[in-house]
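Text of the file coords_0.txt, holding compact mmCIF, N, CA and C atoms:
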# COMPACT_ATOMS: atom_id res chain seq x y z
N ALA A 233 -89.08 145.82 -109.22
CA ALA A 233 -88.94 145.27 -110.53
C ALA A 233 -88.34 143.86 -110.45
N PHE A 234 -87.32 143.69 -109.60
CA PHE A 234 -86.69 142.38 -109.48
C PHE A 234 -87.65 141.37 -108.86
N ALA A 235 -88.46 141.80 -107.93
CA ALA A 235 -89.44 140.90 -107.31
C ALA A 235 -90.45 140.42 -108.35
N ASN A 236 -90.87 141.31 -109.23
CA ASN A 236 -91.80 140.91 -110.30
C ASN A 236 -91.15 139.92 -111.25
N PHE A 237 -89.87 140.15 -111.55
CA PHE A 237 -89.14 139.22 -112.41
C PHE A 237 -89.07 137.84 -111.76
N CYS A 238 -88.71 137.81 -110.48
CA CYS A 238 -88.61 136.53 -109.76
C CYS A 238 -89.95 135.82 -109.71
N PHE A 239 -91.02 136.58 -109.59
CA PHE A 239 -92.35 135.97 -109.56
C PHE A 239 -92.71 135.41 -110.93
N ALA A 240 -92.31 136.10 -111.99
CA ALA A 240 -92.72 135.71 -113.34
C ALA A 240 -91.87 134.59 -113.93
N THR A 241 -90.63 134.47 -113.52
CA THR A 241 -89.74 133.49 -114.14
C THR A 241 -89.70 132.19 -113.36
N LEU A 242 -89.39 131.13 -114.06
CA LEU A 242 -89.23 129.83 -113.42
C LEU A 242 -87.80 129.62 -112.95
N ARG A 243 -86.86 130.29 -113.58
CA ARG A 243 -85.44 130.02 -113.33
C ARG A 243 -84.89 130.81 -112.15
N VAL A 244 -85.53 130.68 -111.01
CA VAL A 244 -85.07 131.38 -109.81
C VAL A 244 -84.34 130.44 -108.86
N ARG A 245 -84.38 129.16 -109.13
CA ARG A 245 -83.72 128.18 -108.28
C ARG A 245 -82.81 127.30 -109.14
N PRO A 246 -81.69 126.89 -108.59
CA PRO A 246 -80.79 126.04 -109.37
C PRO A 246 -81.42 124.70 -109.75
N GLU A 247 -82.34 124.21 -108.94
CA GLU A 247 -83.00 122.94 -109.25
C GLU A 247 -83.75 123.00 -110.57
N VAL A 248 -84.35 124.15 -110.85
CA VAL A 248 -85.12 124.32 -112.09
C VAL A 248 -84.19 124.26 -113.29
N VAL A 249 -83.09 124.97 -113.21
CA VAL A 249 -82.13 124.99 -114.32
C VAL A 249 -81.55 123.59 -114.53
N LEU A 250 -81.17 122.93 -113.45
CA LEU A 250 -80.62 121.57 -113.57
C LEU A 250 -81.65 120.60 -114.14
N ALA A 251 -82.90 120.73 -113.71
CA ALA A 251 -83.95 119.84 -114.21
C ALA A 251 -84.18 120.08 -115.71
N LEU A 252 -84.22 121.34 -116.13
CA LEU A 252 -84.41 121.64 -117.56
C LEU A 252 -83.24 121.12 -118.39
N GLN A 253 -82.02 121.26 -117.87
CA GLN A 253 -80.86 120.73 -118.58
C GLN A 253 -80.95 119.21 -118.71
N ALA A 254 -81.32 118.55 -117.63
CA ALA A 254 -81.42 117.09 -117.65
C ALA A 254 -82.53 116.63 -118.59
N ILE A 255 -83.66 117.33 -118.59
CA ILE A 255 -84.77 116.98 -119.48
C ILE A 255 -84.33 117.15 -120.93
N GLN A 256 -83.67 118.26 -121.24
CA GLN A 256 -83.18 118.49 -122.60
C GLN A 256 -82.20 117.39 -123.01
N SER A 257 -81.33 117.01 -122.11
CA SER A 257 -80.34 115.97 -122.41
C SER A 257 -81.01 114.64 -122.73
N VAL A 258 -81.98 114.24 -121.90
CA VAL A 258 -82.70 112.99 -122.13
C VAL A 258 -83.45 113.05 -123.46
N CYS A 259 -84.07 114.18 -123.74
CA CYS A 259 -84.82 114.32 -124.99
C CYS A 259 -83.91 114.28 -126.20
N GLN A 260 -82.74 114.90 -126.11
CA GLN A 260 -81.80 114.87 -127.24
C GLN A 260 -81.29 113.45 -127.49
N GLN A 261 -81.08 112.70 -126.42
CA GLN A 261 -80.66 111.31 -126.58
C GLN A 261 -81.72 110.49 -127.30
N VAL A 262 -82.97 110.72 -126.95
CA VAL A 262 -84.08 109.98 -127.57
C VAL A 262 -84.18 110.34 -129.05
N VAL A 263 -84.05 111.61 -129.37
CA VAL A 263 -84.13 112.03 -130.77
C VAL A 263 -82.99 111.41 -131.58
N ALA A 264 -81.82 111.33 -130.98
CA ALA A 264 -80.65 110.80 -131.69
C ALA A 264 -80.75 109.30 -131.96
N GLN A 265 -81.43 108.56 -131.10
CA GLN A 265 -81.43 107.11 -131.24
C GLN A 265 -82.76 106.51 -131.69
N GLU A 266 -83.80 107.27 -131.71
CA GLU A 266 -85.12 106.69 -131.96
C GLU A 266 -85.64 107.02 -133.35
N LEU A 267 -85.94 105.98 -134.11
CA LEU A 267 -86.66 106.11 -135.37
C LEU A 267 -87.91 105.25 -135.28
N VAL A 268 -89.00 105.77 -135.78
CA VAL A 268 -90.27 105.06 -135.69
C VAL A 268 -90.39 103.99 -136.77
N PHE A 269 -89.69 104.18 -137.88
CA PHE A 269 -89.78 103.25 -139.00
C PHE A 269 -88.49 102.46 -139.17
N ALA A 270 -88.63 101.25 -139.67
CA ALA A 270 -87.46 100.44 -140.02
C ALA A 270 -86.92 100.97 -141.35
N VAL A 271 -85.62 101.24 -141.39
CA VAL A 271 -85.05 101.81 -142.61
C VAL A 271 -83.83 101.05 -143.12
N ASP A 272 -83.36 100.08 -142.36
CA ASP A 272 -82.19 99.30 -142.78
C ASP A 272 -82.64 97.91 -143.22
N PHE A 273 -82.60 97.68 -144.51
CA PHE A 273 -83.00 96.40 -145.06
C PHE A 273 -81.81 95.75 -145.75
N GLU A 274 -81.63 94.48 -145.50
CA GLU A 274 -80.52 93.75 -146.11
C GLU A 274 -80.80 93.36 -147.55
N ARG A 275 -82.08 93.26 -147.87
CA ARG A 275 -82.46 92.80 -149.20
C ARG A 275 -83.82 93.41 -149.55
N PRO A 276 -84.22 93.36 -150.79
CA PRO A 276 -85.57 93.81 -151.14
C PRO A 276 -86.62 92.95 -150.43
N LEU A 277 -87.71 93.58 -150.03
CA LEU A 277 -88.74 92.88 -149.26
C LEU A 277 -90.04 92.83 -150.04
N ARG A 278 -90.79 91.77 -149.77
CA ARG A 278 -92.17 91.72 -150.26
C ARG A 278 -92.99 92.66 -149.39
N LEU A 279 -94.16 93.03 -149.87
CA LEU A 279 -94.99 94.00 -149.18
C LEU A 279 -95.35 93.53 -147.77
N ASP A 280 -95.72 92.27 -147.61
CA ASP A 280 -96.10 91.78 -146.29
C ASP A 280 -94.90 91.79 -145.33
N GLU A 281 -93.70 91.50 -145.83
CA GLU A 281 -92.50 91.57 -144.99
C GLU A 281 -92.20 93.02 -144.59
N PHE A 282 -92.35 93.93 -145.56
CA PHE A 282 -92.13 95.34 -145.28
C PHE A 282 -93.09 95.83 -144.20
N ARG A 283 -94.35 95.46 -144.33
CA ARG A 283 -95.35 95.87 -143.33
C ARG A 283 -95.00 95.31 -141.95
N GLN A 284 -94.56 94.06 -141.91
CA GLN A 284 -94.19 93.44 -140.63
C GLN A 284 -92.99 94.16 -140.01
N PHE A 285 -91.98 94.49 -140.82
CA PHE A 285 -90.82 95.23 -140.32
C PHE A 285 -91.26 96.58 -139.75
N GLN A 286 -92.14 97.27 -140.48
CA GLN A 286 -92.60 98.59 -140.02
C GLN A 286 -93.43 98.48 -138.74
N ARG A 287 -94.30 97.48 -138.69
CA ARG A 287 -95.12 97.28 -137.49
C ARG A 287 -94.23 97.00 -136.28
N SER A 288 -93.24 96.15 -136.46
CA SER A 288 -92.32 95.81 -135.38
C SER A 288 -91.52 97.03 -134.92
N ALA A 289 -91.00 97.80 -135.87
CA ALA A 289 -90.23 98.99 -135.52
C ALA A 289 -91.09 100.03 -134.81
N THR A 290 -92.30 100.21 -135.27
CA THR A 290 -93.21 101.17 -134.65
C THR A 290 -93.57 100.75 -133.24
N ASN A 291 -93.87 99.48 -133.05
CA ASN A 291 -94.19 98.98 -131.71
C ASN A 291 -93.00 99.12 -130.76
N SER A 292 -91.82 98.82 -131.26
CA SER A 292 -90.61 98.95 -130.45
C SER A 292 -90.37 100.41 -130.04
N ALA A 293 -90.52 101.32 -130.99
CA ALA A 293 -90.33 102.74 -130.70
C ALA A 293 -91.38 103.24 -129.71
N ALA A 294 -92.62 102.82 -129.89
CA ALA A 294 -93.69 103.23 -128.98
C ALA A 294 -93.42 102.74 -127.56
N LEU A 295 -92.98 101.51 -127.44
CA LEU A 295 -92.65 100.97 -126.12
C LEU A 295 -91.50 101.75 -125.49
N GLN A 296 -90.48 102.04 -126.26
CA GLN A 296 -89.33 102.80 -125.76
C GLN A 296 -89.76 104.18 -125.29
N ILE A 297 -90.59 104.83 -126.07
CA ILE A 297 -91.03 106.19 -125.74
C ILE A 297 -91.98 106.18 -124.54
N LYS A 298 -92.96 105.29 -124.56
CA LYS A 298 -93.96 105.27 -123.50
C LYS A 298 -93.39 104.84 -122.16
N GLN A 299 -92.49 103.89 -122.16
CA GLN A 299 -92.02 103.36 -120.88
C GLN A 299 -90.68 103.93 -120.46
N VAL A 300 -89.68 103.79 -121.28
CA VAL A 300 -88.32 104.15 -120.89
C VAL A 300 -88.14 105.67 -120.83
N TRP A 301 -88.54 106.37 -121.89
CA TRP A 301 -88.33 107.81 -121.97
C TRP A 301 -89.13 108.54 -120.90
N THR A 302 -90.41 108.23 -120.78
CA THR A 302 -91.23 108.93 -119.79
C THR A 302 -90.78 108.61 -118.37
N ALA A 303 -90.34 107.38 -118.12
CA ALA A 303 -89.83 107.03 -116.79
C ALA A 303 -88.56 107.80 -116.48
N ALA A 304 -87.70 107.96 -117.48
CA ALA A 304 -86.46 108.72 -117.27
C ALA A 304 -86.77 110.18 -116.95
N LEU A 305 -87.73 110.75 -117.65
CA LEU A 305 -88.11 112.14 -117.37
C LEU A 305 -88.75 112.28 -115.99
N HIS A 306 -89.58 111.34 -115.64
CA HIS A 306 -90.22 111.33 -114.32
C HIS A 306 -89.16 111.28 -113.22
N GLN A 307 -88.21 110.39 -113.36
CA GLN A 307 -87.14 110.27 -112.37
C GLN A 307 -86.28 111.54 -112.31
N THR A 308 -86.08 112.16 -113.45
CA THR A 308 -85.30 113.40 -113.49
C THR A 308 -85.97 114.49 -112.67
N VAL A 309 -87.27 114.67 -112.87
CA VAL A 309 -88.01 115.70 -112.13
C VAL A 309 -88.00 115.38 -110.64
N LEU A 310 -88.27 114.15 -110.28
CA LEU A 310 -88.26 113.78 -108.87
C LEU A 310 -86.89 113.99 -108.24
N ARG A 311 -85.84 113.60 -108.96
CA ARG A 311 -84.48 113.73 -108.43
C ARG A 311 -84.10 115.19 -108.21
N GLU A 312 -84.40 116.03 -109.19
CA GLU A 312 -83.97 117.43 -109.11
C GLU A 312 -84.76 118.24 -108.08
N PHE A 313 -86.01 117.87 -107.87
CA PHE A 313 -86.84 118.64 -106.94
C PHE A 313 -87.05 117.94 -105.60
N ALA A 314 -86.32 116.87 -105.35
CA ALA A 314 -86.51 116.09 -104.12
C ALA A 314 -86.25 116.90 -102.86
N ASN A 315 -85.31 117.79 -102.88
CA ASN A 315 -84.93 118.52 -101.67
C ASN A 315 -85.46 119.94 -101.60
N VAL A 316 -86.41 120.29 -102.45
CA VAL A 316 -86.93 121.66 -102.46
C VAL A 316 -87.82 121.92 -101.26
N GLY A 317 -88.68 121.00 -100.93
CA GLY A 317 -89.60 121.21 -99.80
C GLY A 317 -90.73 122.14 -100.17
N LYS A 318 -91.26 122.84 -99.16
CA LYS A 318 -92.39 123.74 -99.39
C LYS A 318 -91.96 124.94 -100.23
N GLY A 319 -92.94 125.46 -100.97
CA GLY A 319 -92.66 126.63 -101.79
C GLY A 319 -93.22 126.45 -103.19
N TRP A 320 -92.68 127.24 -104.10
CA TRP A 320 -93.18 127.26 -105.47
C TRP A 320 -93.02 125.93 -106.18
N PHE A 321 -91.97 125.20 -105.86
CA PHE A 321 -91.65 123.98 -106.60
C PHE A 321 -91.80 122.73 -105.74
N ASN A 322 -92.84 122.69 -104.94
CA ASN A 322 -93.09 121.56 -104.06
C ASN A 322 -93.68 120.40 -104.88
N ILE A 323 -92.93 119.31 -104.98
CA ILE A 323 -93.44 118.16 -105.75
C ILE A 323 -94.43 117.32 -104.95
N HIS A 324 -94.57 117.63 -103.68
CA HIS A 324 -95.50 116.89 -102.83
C HIS A 324 -96.77 117.67 -102.55
N GLN A 325 -97.03 118.68 -103.37
CA GLN A 325 -98.22 119.52 -103.18
C GLN A 325 -99.48 118.70 -103.45
N THR A 326 -100.39 118.68 -102.51
CA THR A 326 -101.63 117.91 -102.67
C THR A 326 -102.85 118.80 -102.86
N THR A 327 -102.72 120.08 -102.57
CA THR A 327 -103.83 121.01 -102.73
C THR A 327 -103.87 121.50 -104.17
N LYS A 328 -104.97 121.21 -104.85
CA LYS A 328 -105.09 121.54 -106.27
C LYS A 328 -104.97 123.04 -106.52
N ASP A 329 -105.58 123.85 -105.67
CA ASP A 329 -105.55 125.30 -105.85
C ASP A 329 -104.12 125.83 -105.73
N LEU A 330 -103.37 125.36 -104.74
CA LEU A 330 -101.98 125.80 -104.59
C LEU A 330 -101.12 125.31 -105.75
N TYR A 331 -101.39 124.12 -106.23
CA TYR A 331 -100.66 123.61 -107.38
C TYR A 331 -100.91 124.49 -108.61
N LYS A 332 -102.16 124.89 -108.82
CA LYS A 332 -102.50 125.72 -109.98
C LYS A 332 -101.81 127.08 -109.92
N ARG A 333 -101.62 127.60 -108.71
CA ARG A 333 -100.97 128.91 -108.57
C ARG A 333 -99.45 128.80 -108.46
N GLY A 334 -98.94 127.62 -108.22
CA GLY A 334 -97.51 127.44 -108.02
C GLY A 334 -96.73 127.38 -109.32
N LYS A 335 -95.43 127.44 -109.18
CA LYS A 335 -94.57 127.41 -110.35
C LYS A 335 -94.32 125.99 -110.85
N MET A 336 -94.59 124.98 -110.05
CA MET A 336 -94.38 123.61 -110.50
C MET A 336 -95.29 123.30 -111.68
N ARG A 337 -96.49 123.80 -111.65
CA ARG A 337 -97.40 123.57 -112.78
C ARG A 337 -96.83 124.19 -114.05
N ARG A 338 -96.31 125.40 -113.95
CA ARG A 338 -95.72 126.06 -115.11
C ARG A 338 -94.47 125.31 -115.57
N PHE A 339 -93.69 124.82 -114.63
CA PHE A 339 -92.51 124.05 -114.99
C PHE A 339 -92.91 122.78 -115.74
N LEU A 340 -93.90 122.07 -115.23
CA LEU A 340 -94.34 120.83 -115.89
C LEU A 340 -94.94 121.11 -117.27
N ASN A 341 -95.58 122.25 -117.43
CA ASN A 341 -96.07 122.64 -118.76
C ASN A 341 -94.89 122.87 -119.70
N LEU A 342 -93.84 123.52 -119.21
CA LEU A 342 -92.65 123.72 -120.02
C LEU A 342 -92.01 122.39 -120.39
N ALA A 343 -91.95 121.47 -119.44
CA ALA A 343 -91.41 120.14 -119.71
C ALA A 343 -92.27 119.42 -120.76
N ARG A 344 -93.57 119.59 -120.67
CA ARG A 344 -94.47 118.98 -121.67
C ARG A 344 -94.20 119.55 -123.07
N PHE A 345 -93.95 120.85 -123.16
CA PHE A 345 -93.63 121.46 -124.46
C PHE A 345 -92.33 120.90 -125.03
N VAL A 346 -91.34 120.70 -124.16
CA VAL A 346 -90.07 120.11 -124.60
C VAL A 346 -90.32 118.69 -125.11
N MET A 347 -91.16 117.95 -124.41
CA MET A 347 -91.49 116.58 -124.82
C MET A 347 -92.22 116.58 -126.17
N GLN A 348 -93.14 117.51 -126.36
CA GLN A 348 -93.86 117.58 -127.63
C GLN A 348 -92.92 117.91 -128.78
N THR A 349 -91.98 118.82 -128.54
CA THR A 349 -90.99 119.14 -129.56
C THR A 349 -90.14 117.92 -129.88
N THR A 350 -89.79 117.16 -128.86
CA THR A 350 -89.00 115.95 -129.05
C THR A 350 -89.77 114.95 -129.92
N LEU A 351 -91.04 114.75 -129.63
CA LEU A 351 -91.84 113.83 -130.44
C LEU A 351 -91.96 114.30 -131.88
N ARG A 352 -92.10 115.61 -132.06
CA ARG A 352 -92.15 116.14 -133.43
C ARG A 352 -90.83 115.89 -134.15
N ASN A 353 -89.72 116.10 -133.45
CA ASN A 353 -88.40 115.86 -134.07
C ASN A 353 -88.21 114.39 -134.42
N ILE A 354 -88.67 113.50 -133.55
CA ILE A 354 -88.59 112.06 -133.85
C ILE A 354 -89.40 111.75 -135.10
N ALA A 355 -90.60 112.30 -135.17
CA ALA A 355 -91.46 112.05 -136.33
C ALA A 355 -90.82 112.59 -137.61
N GLU A 356 -90.28 113.81 -137.55
CA GLU A 356 -89.64 114.38 -138.73
C GLU A 356 -88.43 113.56 -139.17
N ASN A 357 -87.60 113.17 -138.21
CA ASN A 357 -86.42 112.36 -138.54
C ASN A 357 -86.83 111.01 -139.12
N SER A 358 -87.84 110.39 -138.55
CA SER A 358 -88.29 109.08 -139.02
C SER A 358 -88.87 109.16 -140.43
N ILE A 359 -89.67 110.16 -140.68
CA ILE A 359 -90.26 110.32 -142.01
C ILE A 359 -89.18 110.64 -143.03
N GLY A 360 -88.22 111.47 -142.64
CA GLY A 360 -87.11 111.78 -143.55
C GLY A 360 -86.29 110.54 -143.89
N ALA A 361 -86.02 109.71 -142.89
CA ALA A 361 -85.26 108.48 -143.13
C ALA A 361 -86.04 107.51 -144.01
N LEU A 362 -87.34 107.38 -143.76
CA LEU A 362 -88.17 106.50 -144.58
C LEU A 362 -88.26 107.03 -146.01
N LEU A 363 -88.35 108.32 -146.18
CA LEU A 363 -88.40 108.93 -147.51
C LEU A 363 -87.12 108.61 -148.28
N CYS A 364 -85.99 108.70 -147.61
CA CYS A 364 -84.71 108.35 -148.27
C CYS A 364 -84.69 106.90 -148.74
N VAL A 365 -85.23 106.01 -147.89
CA VAL A 365 -85.27 104.58 -148.24
C VAL A 365 -86.16 104.38 -149.48
N VAL A 366 -87.31 105.02 -149.49
CA VAL A 366 -88.24 104.86 -150.62
C VAL A 366 -87.64 105.47 -151.89
N GLU A 367 -86.99 106.63 -151.77
CA GLU A 367 -86.38 107.24 -152.95
C GLU A 367 -85.24 106.39 -153.51
N ARG A 368 -84.46 105.77 -152.63
CA ARG A 368 -83.37 104.89 -153.09
C ARG A 368 -83.93 103.67 -153.81
N ALA A 369 -85.05 103.16 -153.35
CA ALA A 369 -85.62 101.94 -153.93
C ALA A 369 -86.41 102.20 -155.21
N ALA A 370 -86.83 103.44 -155.39
CA ALA A 370 -87.63 103.77 -156.59
C ALA A 370 -86.73 103.77 -157.82
N PRO A 371 -87.24 103.19 -158.91
CA PRO A 371 -86.43 103.16 -160.15
C PRO A 371 -86.36 104.53 -160.81
Target format structure tokens, applied to this file:
Amino acid sequence: AFANFCFATLRVRPEVVLALQAIQSVCQQVVAQELVFAVDFERPLRLDEFRQFQRSATNSAALQIKQVWTAALHQTVLREFANVGKGWFNIHQTTKDLYKRGKMRRFLNLARFVMQTTLRNIAENSIGALLCVVERAAP
């Protein structure tokens, strides 16, 4: 029974737990600091100024997410699994069939789900903040 559990679960090595903790930490930091829309205005804006502010904020957020966040997650996975070597969590696996059967693929799928949740949370927070701005400005 224990062997089946070990085969089925990802959390059989400390590297996996540490990597998941680090990924969650990086994702929580991104959610806390990243908004896709500009929401702090010093004065009322004309429509073209508002659009420019939003375009700039969206581009800045996209750059931060695409480059900084993904690079941080990439480095986290490499750092945590650097000393694992051969086995289920081999980051240097080059054989596609072994990768498909290994636990690293399942781990990376789990990391992808965490990333998708993070993006959804960023979107929800950004839309909520923009909604507050629009409601405050509405007569």
Quiz item: What does the distance between atom CA of Ile297 of chain A and atom CA of Val309 of chain A come to in Å, to one decimal place?
Solution: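 Between atom CA of Ile297 of chain A and atom CA of Val309 of chain A the gap is 16.9 Å.
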Quiz prompt | Residues of segment 301-334 of chain A in helix (DSSP H, G or I), written as a list in words | solution =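 Output for segment 301-334 of chain A, helix (DSSP H, G or I) only: Trp301, Thr302, Ala303, Ala304, Leu305, His306, Gln307, Thr308, Val309, Leu310, Arg311, Glu312, Phe313, Lys328, Asp329, Leu330, Tyr331, Lys332 and Arg333 of chain A.
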Quiz item: How far is it from atom CA of Ala235 of chain A to atom N of Gly317 of chain A, in Å with one decimal?
Solution: 20.9 Å
Quiz item: So what do you get for atom N of Asn322 of chain A versus atom N of Asn341 of chain A, distance-wise?
Solution: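 One can read the atom N of Asn322 of chain A to atom N of Asn341 of chain A distance as 12.8 Å.
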Enumerate, in order of chain and increasing residue number, the residues of segment 277-357 of chain A with an atom no farther than 7 Å from segment 254-259 of chain A, each with its shortest atom pair and distance in Å to one decimal, counting all atoms listed in the file, as a tab-separated table.
residue	atom	partner	partner_atom	distance
A:Leu305	CA	A:Ile255	CA	6.2
A:Thr308	CA	A:Ala254	C	6.6
A:Thr350	CA	A:Cys259	CA	6.1
Self-check item: Nearby residues (all atoms listed in the file) at most 5 Å from segment 266-273 of chain A, same-chain spacing under 3 positions excluded, as a ChimeraX atom specification
Solution: /A:262-263,286,289-290,358
If the box runs along x, y and z of the file and leaves 4 Å on each side of segment 359-368 of chain A, what are its centre and edge lengths in Å, one decimal, as AutoDock Vina command-line options?
--center_x -86.8 --center_y 107.7 --center_z -147.2 --size_x 14.9 --size_y 16.1 --size_z 21.1
Exercise. Tell me which of A:Arg311, A:Arg368, A:Gly319, A:Met336 sits closest to Ala251 of chain A, counting all atoms listed in the file.
Key: A:Arg311
